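J.: Take this structure, written in structure tokens, and hold onto it; I'll ask about it next.
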Amino acid sequence: MTAITLKHTKAKAGGAKINTRPGPMQWRFFLVVGIIVLVFLILALRTAFIQVIAPDALIEQGDSRTLRTRNTPAYRGLITDRNGVELAVSVPVRAIWADPKIIHEQNGLNQTRRWLALAEVLGQDVDELVGKVGNPQRRFVYLQRQVSPAMADYVDKLEIPGVYLRKESRRYYPTGEVAAQLIGITNVDDKGIEGLERLYDDWLTGSPGSRKIRRDAKGRQVEVLETKDGEAAGNLTLTIDQRIQALAYREIKEAMLYYQASSASAIVIDVHSGDVLAMVNAPSFNPNDRSDISPRRMRNRVITDAFEPGSSLKPLAVLSALEFGAVKVGDIVDTSPGWMRLGGSLVKDFRNYGKLSLAEIIQHSSNMGTSKLALSVPKPFLLDTYYNMGLMSDTGINMPGESSGLFHERSRWSEFELATLSFGYGISVTTAQLARMYSTIASGGIKRPLNIVRDSGNQAYKPSAERVISEQNAQAIMAMMETVTQEDGSGVKARIPGYRVAGKTGTSRKAVAGGYGEEYVNIFAGIAPLNDPQLVTVVLINEPGGDLYHAGDTAAPVFSEIMGGALQLLNIAPDDRQVSATQVVERSTNGG
């Protein structure tokens, strides 16, 4: 048995050998499996690197393709008059801009006909337009700002690669040149640069809101990630009454042309509140078409230009003497012989008026009378009266460019200097300052700051007020100034049918180097209705060029038209019983 088994074993061992190496199929299988494992390993490592070690770069790339921030436009606030009439509004427009890099990458400059069409619609030279996008390194350049919707639609249809549109706003002024210097203007970036637009720029400017969204490959919004609310712009309500503003501007513009004056101005004040109802200047400009803009036209002369007021300041000399007690209302002043010498200088009247009452001194505009009254009170008291009436200080309007006037305070004053001060020389004031002085008289001696803007609640701002002269003397001065508009008065052309008017003319020569020239400033300042003073109006005609150069012939009739129209627009009842109702109706029918 053992021998047989051993034999069998040897026989088996001496037979064919068994092949234990893997075949070709097995090697391929292992190779494929190894490659797959390696690929997955690399992917796993790459995934780990991207998501754990350095994810920021790819997240940024992904967000740049899918995230967008949409800004909600914030339009500039409205400016309206006291009745809600819009004086300045913002309208949506478009800006045309270009990405020079995109234009060059997509060979946009080869589309010559489209660039010619674009240059034609923009009114630009095609070579200059192409030159703006000549640098392929730039990514943003404006081609034109604030274009109309129709023009924007046309540009959009041109489909020039790299040329785009963006939303913006443009300021529009419905009243045009009527209130241009008062309202001011904005620049191309909607920032206020003149007038109330500049003064209240922060208030009128809002901040835009924004939404961060995610969009898909087709540009559709799929998610709102973040919303940020903007700050709404504030609106501005003025004390101006646009009806009176338009009336005053029409009369001032016509007067400037008719009297061949270099400029003209007017202001209308509400006596009880100090509200400015109208502030106009000519020449003006159209803020919606700035081709004719110049510094001369943009200047708000009512508050910027100071002038020697001349005889329009004479009531203040009489008032000073009354306040000090040097004279009483019924006193007489002897102005004979119609002239006098003070320190070698001559003070004289047009003629010898003889003995004059205080009212007649104002009515005849006597230099002798006011000089004697001014010299009858101590110098400090006289100067304090001028200061107290607000002639050497801001009016309260606080607008850009406002002048405080010119007054040279001296340690020593000669009698002649005090005399010239009494009839409006040696001091320069603005139209607004003069109006404030007359408003103080009209309100019974209470001085109030002038006001041009109402508060955000549309309630009239109540400025601080102080009494600076007695009510009795204020009433007396108004009664004296009424004689100016009556027979033999220098301001008879300022009369308004149906209303009692108190006022004063002022015709002053303009100062030049070394003395006074041949140019005049004509002023009429007045109050109405006298029974219950409501309005003060001051009219200034600067350098009339025709044969008429006295204020009674130029400024007085313009005052009559402006004040008369304002009284009717405000439905202020007539107070002159000596004028028939027929005359009042006639004036109203003829347009006031």
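Here, A, B, ... name the chains of the structure tokens in the order displayed, residue numbers run from 1 inside each chain, and ligands are numbered from 1 in the same displayed order.
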Which neighbours of A:Ala494 fall inside 8 Å, counting only C-alpha atoms, when residues of the same chain fewer than 4 positions from it are skipped, and could you give them as an MDAnalysis selection string?
T.: chainID A and resid 485 501 552 556:560
J.: Quick one: residues within 7 Å of stretch 437-447 of chain A, only C-alpha atoms counted, chain neighbours fewer than 4 positions away excluded, as a short mmCIF file (atom, residue, chain, number, x, y, z; two decimals) with all heavy atoms, in the first residue's frame?
T.:
data_model
loop_
_atom_site.label_atom_id
_atom_site.label_comp_id
_atom_site.auth_asym_id
_atom_site.auth_seq_id
_atom_site.Cartn_x
_atom_site.Cartn_y
_atom_site.Cartn_z
N VAL A 271 -45.63 140.62 7.12
CA VAL A 271 -45.26 141.41 8.29
C VAL A 271 -45.32 140.59 9.58
O VAL A 271 -44.43 140.68 10.44
CB VAL A 271 -46.16 142.66 8.40
CG1 VAL A 271 -45.98 143.34 9.76
CG2 VAL A 271 -45.85 143.63 7.27
N HIS A 272 -46.35 139.78 9.74
CA HIS A 272 -46.60 139.12 11.03
C HIS A 272 -45.71 137.91 11.28
O HIS A 272 -45.52 137.53 12.44
CB HIS A 272 -48.07 138.70 11.11
CG HIS A 272 -49.02 139.87 11.03
ND1 HIS A 272 -49.06 140.85 11.98
CD2 HIS A 272 -49.93 140.22 10.08
CE1 HIS A 272 -49.97 141.75 11.65
NE2 HIS A 272 -50.51 141.41 10.49
N MET A 389 -32.39 148.02 14.24
CA MET A 389 -33.32 147.78 13.13
C MET A 389 -32.79 146.73 12.16
O MET A 389 -33.42 146.43 11.15
CB MET A 389 -33.59 149.09 12.38
CG MET A 389 -34.27 150.14 13.23
SD MET A 389 -35.89 149.64 13.85
CE MET A 389 -36.88 149.83 12.38
N GLY A 390 -31.63 146.15 12.48
CA GLY A 390 -31.12 145.02 11.70
C GLY A 390 -30.38 145.38 10.44
O GLY A 390 -30.21 144.52 9.56
N GLN A 433 -32.25 143.42 3.81
CA GLN A 433 -32.09 144.15 5.07
C GLN A 433 -33.04 145.34 5.15
O GLN A 433 -33.63 145.60 6.20
CB GLN A 433 -30.64 144.61 5.23
CG GLN A 433 -29.66 143.50 5.56
CD GLN A 433 -28.24 144.01 5.64
OE1 GLN A 433 -27.79 144.77 4.77
NE2 GLN A 433 -27.51 143.60 6.66
N ALA A 465 -38.70 136.93 18.28
CA ALA A 465 -39.03 138.32 17.98
C ALA A 465 -38.66 139.18 19.17
O ALA A 465 -38.70 138.73 20.32
CB ALA A 465 -40.51 138.46 17.64
N GLU A 466 -38.30 140.43 18.91
CA GLU A 466 -37.97 141.35 20.00
C GLU A 466 -38.45 142.76 19.63
O GLU A 466 -38.43 143.15 18.47
CB GLU A 466 -36.47 141.36 20.27
CG GLU A 466 -35.63 141.78 19.07
CD GLU A 466 -34.15 141.90 19.41
OE1 GLU A 466 -33.85 142.34 20.55
OE2 GLU A 466 -33.31 141.56 18.57
N ARG A 467 -38.88 143.46 20.66
CA ARG A 467 -39.30 144.83 20.43
C ARG A 467 -38.08 145.74 20.44
O ARG A 467 -37.28 145.72 21.37
CB ARG A 467 -40.30 145.27 21.50
CG ARG A 467 -40.73 146.73 21.34
CD ARG A 467 -41.91 147.08 22.22
NE ARG A 467 -43.12 146.39 21.77
CZ ARG A 467 -43.85 146.76 20.73
NH1 ARG A 467 -43.48 147.83 20.00
NH2 ARG A 467 -44.93 146.10 20.39
N VAL A 468 -37.94 146.56 19.40
CA VAL A 468 -36.78 147.45 19.31
C VAL A 468 -37.18 148.92 19.30
O VAL A 468 -36.34 149.78 19.57
CB VAL A 468 -35.94 147.11 18.05
CG1 VAL A 468 -35.27 145.74 18.19
CG2 VAL A 468 -36.78 147.16 16.78
N ILE A 469 -38.42 149.23 18.96
CA ILE A 469 -38.93 150.60 19.06
C ILE A 469 -40.35 150.53 19.61
O ILE A 469 -41.00 149.49 19.56
CB ILE A 469 -38.93 151.33 17.69
CG1 ILE A 469 -39.73 150.55 16.66
CG2 ILE A 469 -37.51 151.55 17.20
CD1 ILE A 469 -39.89 151.28 15.33
N SER A 470 -40.82 151.64 20.09
CA SER A 470 -42.16 151.67 20.68
C SER A 470 -43.22 151.59 19.59
O SER A 470 -43.03 152.07 18.46
CB SER A 470 -42.36 152.93 21.50
OG SER A 470 -42.43 154.07 20.66
N GLU A 471 -44.34 150.97 19.93
CA GLU A 471 -45.43 150.85 18.96
C GLU A 471 -45.98 152.22 18.58
O GLU A 471 -46.33 152.46 17.41
CB GLU A 471 -46.54 149.99 19.56
CG GLU A 471 -47.69 149.74 18.59
CD GLU A 471 -48.73 148.78 19.16
OE1 GLU A 471 -48.58 148.37 20.33
OE2 GLU A 471 -49.68 148.45 18.43
N ALA A 474 -43.68 153.75 16.03
CA ALA A 474 -43.79 153.03 14.76
C ALA A 474 -45.05 153.45 14.01
O ALA A 474 -45.02 153.67 12.79
CB ALA A 474 -43.80 151.52 15.02
N GLN A 475 -46.16 153.57 14.73
CA GLN A 475 -47.40 154.01 14.11
C GLN A 475 -47.27 155.44 13.57
O GLN A 475 -47.76 155.77 12.49
CB GLN A 475 -48.55 153.95 15.13
CG GLN A 475 -48.90 152.55 15.60
CD GLN A 475 -49.61 151.74 14.54
OE1 GLN A 475 -50.06 152.27 13.53
NE2 GLN A 475 -49.70 150.42 14.76
N ILE A 527 -45.35 149.80 2.74
CA ILE A 527 -46.17 148.98 3.63
C ILE A 527 -47.63 149.14 3.25
O ILE A 527 -48.08 150.25 2.94
CB ILE A 527 -45.98 149.43 5.10
CG1 ILE A 527 -44.50 149.39 5.49
CG2 ILE A 527 -46.82 148.60 6.05
CD1 ILE A 527 -44.18 150.16 6.78
N PRO A 533 -51.31 146.62 8.79
CA PRO A 533 -50.20 146.25 7.89
C PRO A 533 -50.03 144.74 7.76
O PRO A 533 -49.93 144.02 8.75
CB PRO A 533 -48.99 146.89 8.56
CG PRO A 533 -49.56 148.04 9.34
CD PRO A 533 -50.88 147.57 9.83
N VAL A 536 -44.91 143.99 3.30
CA VAL A 536 -43.86 144.96 2.98
C VAL A 536 -43.24 144.55 1.66
O VAL A 536 -42.94 143.38 1.45
CB VAL A 536 -42.78 145.02 4.09
CG1 VAL A 536 -41.51 145.69 3.58
CG2 VAL A 536 -43.30 145.74 5.31
#
J.: Write down as number ranges by chain the residues belonging to stretch 106-196 of chain A that are assigned alpha helix (DSSP H) by DSSP computed on the backbone.
T.: A: 112-122, 126-132, 149-158, 180-183, 195-196
J.: Determine the nearest neighbour of A:Glu561 from the options A:Ala502, A:Val377, A:Met480, A:Ile244, counting only C-alpha atoms.
T.: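 Closest residue, counting only C-alpha atoms: A:Ile244.
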J.: Residues near stretch 408-423 of chain A, anyone? I mean within 8 Å using only C-alpha atoms, not counting same-chain ones fewer than 5 positions away, as a PDB file with all heavy atoms, in the first residue's frame.
T.:
ATOM      1  N   GLY A 310     -29.861 155.664   0.343  1.00  0.00           N
ATOM      2  CA  GLY A 310     -30.331 157.019   0.109  1.00  0.00           C
ATOM      3  C   GLY A 310     -31.529 157.383   0.970  1.00  0.00           C
ATOM      4  O   GLY A 310     -31.628 157.006   2.149  1.00  0.00           O
ATOM      5  N   SER A 311     -32.478 158.076   0.357  1.00  0.00           N
ATOM      6  CA  SER A 311     -33.601 158.634   1.113  1.00  0.00           C
ATOM      7  C   SER A 311     -34.532 157.586   1.705  1.00  0.00           C
ATOM      8  O   SER A 311     -35.343 157.904   2.582  1.00  0.00           O
ATOM      9  CB  SER A 311     -34.412 159.568   0.209  1.00  0.00           C
ATOM     10  OG  SER A 311     -33.631 160.655  -0.217  1.00  0.00           O
ATOM     11  N   SER A 312     -34.456 156.349   1.248  1.00  0.00           N
ATOM     12  CA  SER A 312     -35.313 155.307   1.818  1.00  0.00           C
ATOM     13  C   SER A 312     -34.979 155.042   3.281  1.00  0.00           C
ATOM     14  O   SER A 312     -35.748 154.404   4.004  1.00  0.00           O
ATOM     15  CB  SER A 312     -35.189 154.011   1.018  1.00  0.00           C
ATOM     16  OG  SER A 312     -33.865 153.499   1.079  1.00  0.00           O
ATOM     17  N   LEU A 313     -33.836 155.578   3.763  1.00  0.00           N
ATOM     18  CA  LEU A 313     -33.439 155.406   5.157  1.00  0.00           C
ATOM     19  C   LEU A 313     -33.806 156.614   6.020  1.00  0.00           C
ATOM     20  O   LEU A 313     -33.609 156.585   7.237  1.00  0.00           O
ATOM     21  CB  LEU A 313     -31.923 155.162   5.230  1.00  0.00           C
ATOM     22  CG  LEU A 313     -31.437 154.105   6.234  1.00  0.00           C
ATOM     23  CD1 LEU A 313     -32.083 152.759   5.956  1.00  0.00           C
ATOM     24  CD2 LEU A 313     -29.916 153.984   6.176  1.00  0.00           C
ATOM     25  N   LYS A 314     -34.348 157.671   5.427  1.00  0.00           N
ATOM     26  CA  LYS A 314     -34.650 158.892   6.179  1.00  0.00           C
ATOM     27  C   LYS A 314     -35.666 158.691   7.307  1.00  0.00           C
ATOM     28  O   LYS A 314     -35.551 159.341   8.352  1.00  0.00           O
ATOM     29  CB  LYS A 314     -35.108 159.992   5.226  1.00  0.00           C
ATOM     30  CG  LYS A 314     -33.959 160.584   4.428  1.00  0.00           C
ATOM     31  CD  LYS A 314     -34.408 161.664   3.465  1.00  0.00           C
ATOM     32  CE  LYS A 314     -33.201 162.244   2.731  1.00  0.00           C
ATOM     33  NZ  LYS A 314     -33.586 163.240   1.705  1.00  0.00           N
ATOM     34  N   LEU A 316     -35.714 156.529   9.389  1.00  0.00           N
ATOM     35  CA  LEU A 316     -34.991 156.033  10.566  1.00  0.00           C
ATOM     36  C   LEU A 316     -34.393 157.184  11.364  1.00  0.00           C
ATOM     37  O   LEU A 316     -34.307 157.110  12.604  1.00  0.00           O
ATOM     38  CB  LEU A 316     -33.893 155.070  10.117  1.00  0.00           C
ATOM     39  CG  LEU A 316     -33.386 154.071  11.169  1.00  0.00           C
ATOM     40  CD1 LEU A 316     -34.542 153.321  11.799  1.00  0.00           C
ATOM     41  CD2 LEU A 316     -32.423 153.081  10.522  1.00  0.00           C
ATOM     42  N   ALA A 317     -33.979 158.249  10.699  1.00  0.00           N
ATOM     43  CA  ALA A 317     -33.458 159.421  11.413  1.00  0.00           C
ATOM     44  C   ALA A 317     -34.567 160.095  12.214  1.00  0.00           C
ATOM     45  O   ALA A 317     -34.361 160.502  13.375  1.00  0.00           O
ATOM     46  CB  ALA A 317     -32.843 160.402  10.418  1.00  0.00           C
ATOM     47  N   LEU A 342     -21.154 171.750   7.386  1.00  0.00           N
ATOM     48  CA  LEU A 342     -20.736 170.960   8.536  1.00  0.00           C
ATOM     49  C   LEU A 342     -19.288 170.544   8.321  1.00  0.00           C
ATOM     50  O   LEU A 342     -18.994 169.716   7.451  1.00  0.00           O
ATOM     51  CB  LEU A 342     -21.619 169.717   8.700  1.00  0.00           C
ATOM     52  CG  LEU A 342     -23.092 169.976   9.015  1.00  0.00           C
ATOM     53  CD1 LEU A 342     -23.874 168.665   8.980  1.00  0.00           C
ATOM     54  CD2 LEU A 342     -23.248 170.636  10.384  1.00  0.00           C
ATOM     55  N   GLY A 343     -18.377 171.169   9.060  1.00  0.00           N
ATOM     56  CA  GLY A 343     -16.962 170.841   8.927  1.00  0.00           C
ATOM     57  C   GLY A 343     -16.414 171.102   7.552  1.00  0.00           C
ATOM     58  O   GLY A 343     -15.571 170.343   7.064  1.00  0.00           O
ATOM     59  N   SER A 345     -18.049 170.825   4.759  1.00  0.00           N
ATOM     60  CA  SER A 345     -18.828 170.137   3.727  1.00  0.00           C
ATOM     61  C   SER A 345     -20.252 170.672   3.719  1.00  0.00           C
ATOM     62  O   SER A 345     -20.779 171.124   4.747  1.00  0.00           O
ATOM     63  CB  SER A 345     -18.843 168.628   3.982  1.00  0.00           C
ATOM     64  OG  SER A 345     -17.538 168.106   3.933  1.00  0.00           O
ATOM     65  N   VAL A 347     -24.339 170.436   3.211  1.00  0.00           N
ATOM     66  CA  VAL A 347     -25.577 169.648   3.214  1.00  0.00           C
ATOM     67  C   VAL A 347     -26.680 170.583   2.729  1.00  0.00           C
ATOM     68  O   VAL A 347     -26.827 171.701   3.243  1.00  0.00           O
ATOM     69  CB  VAL A 347     -25.910 169.121   4.627  1.00  0.00           C
ATOM     70  CG1 VAL A 347     -27.274 168.445   4.624  1.00  0.00           C
ATOM     71  CG2 VAL A 347     -24.843 168.168   5.111  1.00  0.00           C
ATOM     72  N   ASN A 367     -33.036 166.680   3.239  1.00  0.00           N
ATOM     73  CA  ASN A 367     -31.736 166.355   3.821  1.00  0.00           C
ATOM     74  C   ASN A 367     -31.457 167.221   5.046  1.00  0.00           C
ATOM     75  O   ASN A 367     -30.878 166.760   6.035  1.00  0.00           O
ATOM     76  CB  ASN A 367     -30.622 166.553   2.799  1.00  0.00           C
ATOM     77  CG  ASN A 367     -30.693 165.555   1.668  1.00  0.00           C
ATOM     78  OD1 ASN A 367     -31.318 164.519   1.791  1.00  0.00           O
ATOM     79  ND2 ASN A 367     -30.040 165.877   0.559  1.00  0.00           N
ATOM     80  N   THR A 370     -33.593 165.819   8.129  1.00  0.00           N
ATOM     81  CA  THR A 370     -33.076 164.588   8.752  1.00  0.00           C
ATOM     82  C   THR A 370     -31.717 164.824   9.389  1.00  0.00           C
ATOM     83  O   THR A 370     -31.399 164.229  10.428  1.00  0.00           O
ATOM     84  CB  THR A 370     -32.974 163.456   7.712  1.00  0.00           C
ATOM     85  OG1 THR A 370     -32.152 163.876   6.619  1.00  0.00           O
ATOM     86  CG2 THR A 370     -34.351 163.073   7.198  1.00  0.00           C
ATOM     87  N   SER A 371     -30.901 165.713   8.798  1.00  0.00           N
ATOM     88  CA  SER A 371     -29.584 165.992   9.384  1.00  0.00           C
ATOM     89  C   SER A 371     -29.732 166.657  10.741  1.00  0.00           C
ATOM     90  O   SER A 371     -29.032 166.290  11.712  1.00  0.00           O
ATOM     91  CB  SER A 371     -28.770 166.898   8.448  1.00  0.00           C
ATOM     92  OG  SER A 371     -28.501 166.251   7.229  1.00  0.00           O
ATOM     93  N   LYS A 372     -30.621 167.616  10.847  1.00  0.00           N
ATOM     94  CA  LYS A 372     -30.813 168.288  12.131  1.00  0.00           C
ATOM     95  C   LYS A 372     -31.365 167.334  13.180  1.00  0.00           C
ATOM     96  O   LYS A 372     -30.984 167.394  14.358  1.00  0.00           O
ATOM     97  CB  LYS A 372     -31.748 169.496  11.960  1.00  0.00           C
ATOM     98  CG  LYS A 372     -31.096 170.655  11.220  1.00  0.00           C
ATOM     99  CD  LYS A 372     -31.940 171.916  11.303  1.00  0.00           C
ATOM    100  CE  LYS A 372     -31.168 173.116  10.746  1.00  0.00           C
ATOM    101  NZ  LYS A 372     -31.926 174.380  10.902  1.00  0.00           N
ATOM    102  N   ALA A 374     -30.872 164.036  13.240  1.00  0.00           N
ATOM    103  CA  ALA A 374     -29.818 163.088  13.591  1.00  0.00           C
ATOM    104  C   ALA A 374     -28.812 163.722  14.555  1.00  0.00           C
ATOM    105  O   ALA A 374     -28.311 163.060  15.473  1.00  0.00           O
ATOM    106  CB  ALA A 374     -29.104 162.600  12.335  1.00  0.00           C
ATOM    107  N   LEU A 375     -28.527 165.004  14.358  1.00  0.00           N
ATOM    108  CA  LEU A 375     -27.570 165.692  15.218  1.00  0.00           C
ATOM    109  C   LEU A 375     -28.167 166.080  16.561  1.00  0.00           C
ATOM    110  O   LEU A 375     -27.428 166.512  17.465  1.00  0.00           O
ATOM    111  CB  LEU A 375     -27.023 166.927  14.502  1.00  0.00           C
ATOM    112  CG  LEU A 375     -26.197 166.659  13.234  1.00  0.00           C
ATOM    113  CD1 LEU A 375     -25.829 167.952  12.528  1.00  0.00           C
ATOM    114  CD2 LEU A 375     -24.938 165.854  13.568  1.00  0.00           C
ATOM    115  N   LYS A 379     -24.666 160.468  19.499  1.00  0.00           N
ATOM    116  CA  LYS A 379     -24.180 159.558  18.462  1.00  0.00           C
ATOM    117  C   LYS A 379     -24.402 158.087  18.805  1.00  0.00           C
ATOM    118  O   LYS A 379     -24.901 157.326  17.958  1.00  0.00           O
ATOM    119  CB  LYS A 379     -22.694 159.804  18.200  1.00  0.00           C
ATOM    120  CG  LYS A 379     -22.083 158.910  17.118  1.00  0.00           C
ATOM    121  CD  LYS A 379     -20.589 158.758  17.273  1.00  0.00           C
ATOM    122  CE  LYS A 379     -20.261 157.904  18.477  1.00  0.00           C
ATOM    123  NZ  LYS A 379     -18.805 157.601  18.598  1.00  0.00           N
TER     124      LYS A 379
END
J.: Write out as a PDB file with N, CA and C atoms, in the first residue's frame each polymer residue whose atoms come within 10 Å of A:Glu308, counting only C-alpha atoms; drop sequence neighbours fewer than 4 positions from it.
T.:
ATOM      1  N   SER A 312     -34.456 156.349   1.248  1.00  0.00           N
ATOM      2  CA  SER A 312     -35.313 155.307   1.818  1.00  0.00           C
ATOM      3  C   SER A 312     -34.979 155.042   3.281  1.00  0.00           C
ATOM      4  N   LEU A 313     -33.836 155.578   3.763  1.00  0.00           N
ATOM      5  CA  LEU A 313     -33.439 155.406   5.157  1.00  0.00           C
ATOM      6  C   LEU A 313     -33.806 156.614   6.020  1.00  0.00           C
ATOM      7  N   GLY A 405     -24.041 143.702   4.595  1.00  0.00           N
ATOM      8  CA  GLY A 405     -23.950 145.126   4.327  1.00  0.00           C
ATOM      9  C   GLY A 405     -22.566 145.662   4.647  1.00  0.00           C
ATOM     10  N   LEU A 406     -22.398 146.961   4.468  1.00  0.00           N
ATOM     11  CA  LEU A 406     -21.118 147.619   4.727  1.00  0.00           C
ATOM     12  C   LEU A 406     -21.349 148.828   5.623  1.00  0.00           C
ATOM     13  N   LEU A 421     -25.251 159.979   7.124  1.00  0.00           N
ATOM     14  CA  LEU A 421     -25.849 158.713   7.549  1.00  0.00           C
ATOM     15  C   LEU A 421     -27.362 158.853   7.656  1.00  0.00           C
ATOM     16  N   PHE A 423     -29.378 160.538   5.813  1.00  0.00           N
ATOM     17  CA  PHE A 423     -30.085 160.446   4.523  1.00  0.00           C
ATOM     18  C   PHE A 423     -29.508 159.348   3.627  1.00  0.00           C
ATOM     19  N   GLY A 424     -28.973 158.294   4.280  1.00  0.00           N
ATOM     20  CA  GLY A 424     -28.718 157.046   3.576  1.00  0.00           C
ATOM     21  C   GLY A 424     -27.418 156.917   2.849  1.00  0.00           C
ATOM     22  N   TYR A 425     -26.406 157.738   3.200  1.00  0.00           N
ATOM     23  CA  TYR A 425     -25.070 157.583   2.624  1.00  0.00           C
ATOM     24  C   TYR A 425     -24.091 157.207   3.733  1.00  0.00           C
ATOM     25  N   GLY A 426     -22.984 156.564   3.354  1.00  0.00           N
ATOM     26  CA  GLY A 426     -22.023 156.114   4.343  1.00  0.00           C
ATOM     27  C   GLY A 426     -22.386 154.779   4.954  1.00  0.00           C
ATOM     28  N   ILE A 427     -23.421 154.160   4.438  1.00  0.00           N
ATOM     29  CA  ILE A 427     -23.838 152.830   4.876  1.00  0.00           C
ATOM     30  C   ILE A 427     -24.405 152.098   3.653  1.00  0.00           C
ATOM     31  N   SER A 428     -24.100 150.833   3.524  1.00  0.00           N
ATOM     32  CA  SER A 428     -24.628 150.029   2.419  1.00  0.00           C
ATOM     33  C   SER A 428     -25.406 148.856   2.987  1.00  0.00           C
ATOM     34  N   VAL A 429     -26.586 148.630   2.450  1.00  0.00           N
ATOM     35  CA  VAL A 429     -27.451 147.540   2.925  1.00  0.00           C
ATOM     36  C   VAL A 429     -27.968 146.761   1.725  1.00  0.00           C
ATOM     37  N   THR A 430     -28.476 145.573   1.987  1.00  0.00           N
ATOM     38  CA  THR A 430     -29.086 144.775   0.925  1.00  0.00           C
ATOM     39  C   THR A 430     -30.580 145.061   0.860  1.00  0.00           C
ATOM     40  N   GLY A 506     -36.148 156.254  -2.654  1.00  0.00           N
ATOM     41  CA  GLY A 506     -34.725 156.454  -2.435  1.00  0.00           C
ATOM     42  C   GLY A 506     -34.009 156.512  -3.763  1.00  0.00           C
ATOM     43  N   THR A 507     -33.381 157.635  -4.054  1.00  0.00           N
ATOM     44  CA  THR A 507     -32.603 157.797  -5.287  1.00  0.00           C
ATOM     45  C   THR A 507     -31.184 158.146  -4.876  1.00  0.00           C
ATOM     46  N   SER A 508     -30.284 157.200  -5.034  1.00  0.00           N
ATOM     47  CA  SER A 508     -28.904 157.430  -4.581  1.00  0.00           C
ATOM     48  C   SER A 508     -27.930 157.220  -5.729  1.00  0.00           C
ATOM     49  N   ARG A 509     -26.905 158.040  -5.728  1.00  0.00           N
ATOM     50  CA  ARG A 509     -25.835 157.866  -6.713  1.00  0.00           C
ATOM     51  C   ARG A 509     -24.913 156.741  -6.283  1.00  0.00           C
ATOM     52  N   LYS A 510     -24.400 156.011  -7.263  1.00  0.00           N
ATOM     53  CA  LYS A 510     -23.509 154.897  -6.961  1.00  0.00           C
ATOM     54  C   LYS A 510     -22.092 155.416  -6.742  1.00  0.00           C
ATOM     55  N   ALA A 511     -21.481 154.896  -5.707  1.00  0.00           N
ATOM     56  CA  ALA A 511     -20.115 155.300  -5.376  1.00  0.00           C
ATOM     57  C   ALA A 511     -19.124 154.728  -6.383  1.00  0.00           C
ATOM     58  N   VAL A 521     -29.162 154.301  -8.194  1.00  0.00           N
ATOM     59  CA  VAL A 521     -29.956 153.197  -7.673  1.00  0.00           C
ATOM     60  C   VAL A 521     -31.295 153.763  -7.243  1.00  0.00           C
TER      61      VAL A 521
END
J.: DSSP on the backbone: what in stretch 293-449 of chain A comes out strand (DSSP E), as a PyMOL selection string?
T.: chain A and resi 332-334+339-342+345-348+355-357+406-407+427-428+446-447
J.: Pick out the closest residue to A:Ala255 from this set: A:Ala150, A:Leu383, A:Ala282, A:Leu236. Count only C-alpha atoms.
T.: A:Ala282
J.: With distances taken over only C-alpha atoms, which residue among A:Met151, A:Leu182, A:Ile452, A:Ile96 lies nearest A:Thr239?
T.: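 Distance minimum relative to A:Thr239 lands on A:Ile452.
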J.: Between A:Asp125, A:Asp334, A:Asp394, A:Asp547, which residue has the minimum interatomic distance to A:Leu356, considering only C-alpha atoms?
T.: A:Asp334
J.: A:Arg436, A:Arg351, A:Arg296, A:Arg113: which is nearest A:Ile269, counting only C-alpha atoms?
T.: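 Ranking A:Arg436, A:Arg351, A:Arg296, A:Arg113 by distance to A:Ile269, first place goes to A:Arg436.
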J.: May I have the residues within 12 Å of A:Asp488 as a ChimeraX atom specification, using only C-alpha atoms and disregarding those fewer than 5 positions away in the same chain?
T.: /A:360,362-365,482-483,493,552
J.: Export N, CA and C atoms of the chosen residues as a CSV table (one decimal), in the first residue's frame?
T.:
chain,number,residue,atom,x,y,z
A,360,GLU,N,-43.6,166.3,6.9
A,360,GLU,CA,-43.2,167.0,5.7
A,360,GLU,C,-41.7,166.7,5.4
A,362,ILE,N,-40.3,163.9,5.8
A,362,ILE,CA,-40.3,162.7,5.0
A,362,ILE,C,-40.9,162.8,3.7
A,363,GLN,N,-42.0,163.6,3.6
A,363,GLN,CA,-42.7,163.8,2.4
A,363,GLN,C,-41.9,164.4,1.3
A,364,HIS,N,-41.2,165.5,1.7
A,364,HIS,CA,-40.3,166.3,0.8
A,364,HIS,C,-38.9,165.7,0.7
A,365,SER,N,-38.6,164.7,1.5
A,365,SER,CA,-37.3,164.1,1.6
A,365,SER,C,-36.2,165.1,1.8
A,482,GLU,N,-47.1,157.8,4.9
A,482,GLU,CA,-48.2,157.7,4.0
A,482,GLU,C,-48.3,159.0,3.2
A,483,THR,N,-47.8,160.1,3.7
A,483,THR,CA,-47.8,161.4,3.0
A,483,THR,C,-47.0,161.3,1.7
A,493,LYS,N,-46.8,157.7,-7.4
A,493,LYS,CA,-47.0,156.6,-8.3
A,493,LYS,C,-47.0,155.3,-7.7
A,552,GLY,N,-39.2,157.8,-7.8
A,552,GLY,CA,-40.7,158.0,-7.9
A,552,GLY,C,-41.2,157.7,-9.3
J.: Let me make sure I understand: among A:Arg170, A:Arg301, A:Arg46, A:Arg250, which one has the smallest atom-to-atom distance to A:Thr431 if we use only C-alpha atoms?
T.: A:Arg301
J.: One decimal, in Å: what's the spacing between atom CA of A:Tyr387 and atom CA of A:Gln472?
T.: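 Atom CA of A:Gln472 lies 19.9 Å from atom CA of A:Tyr387.
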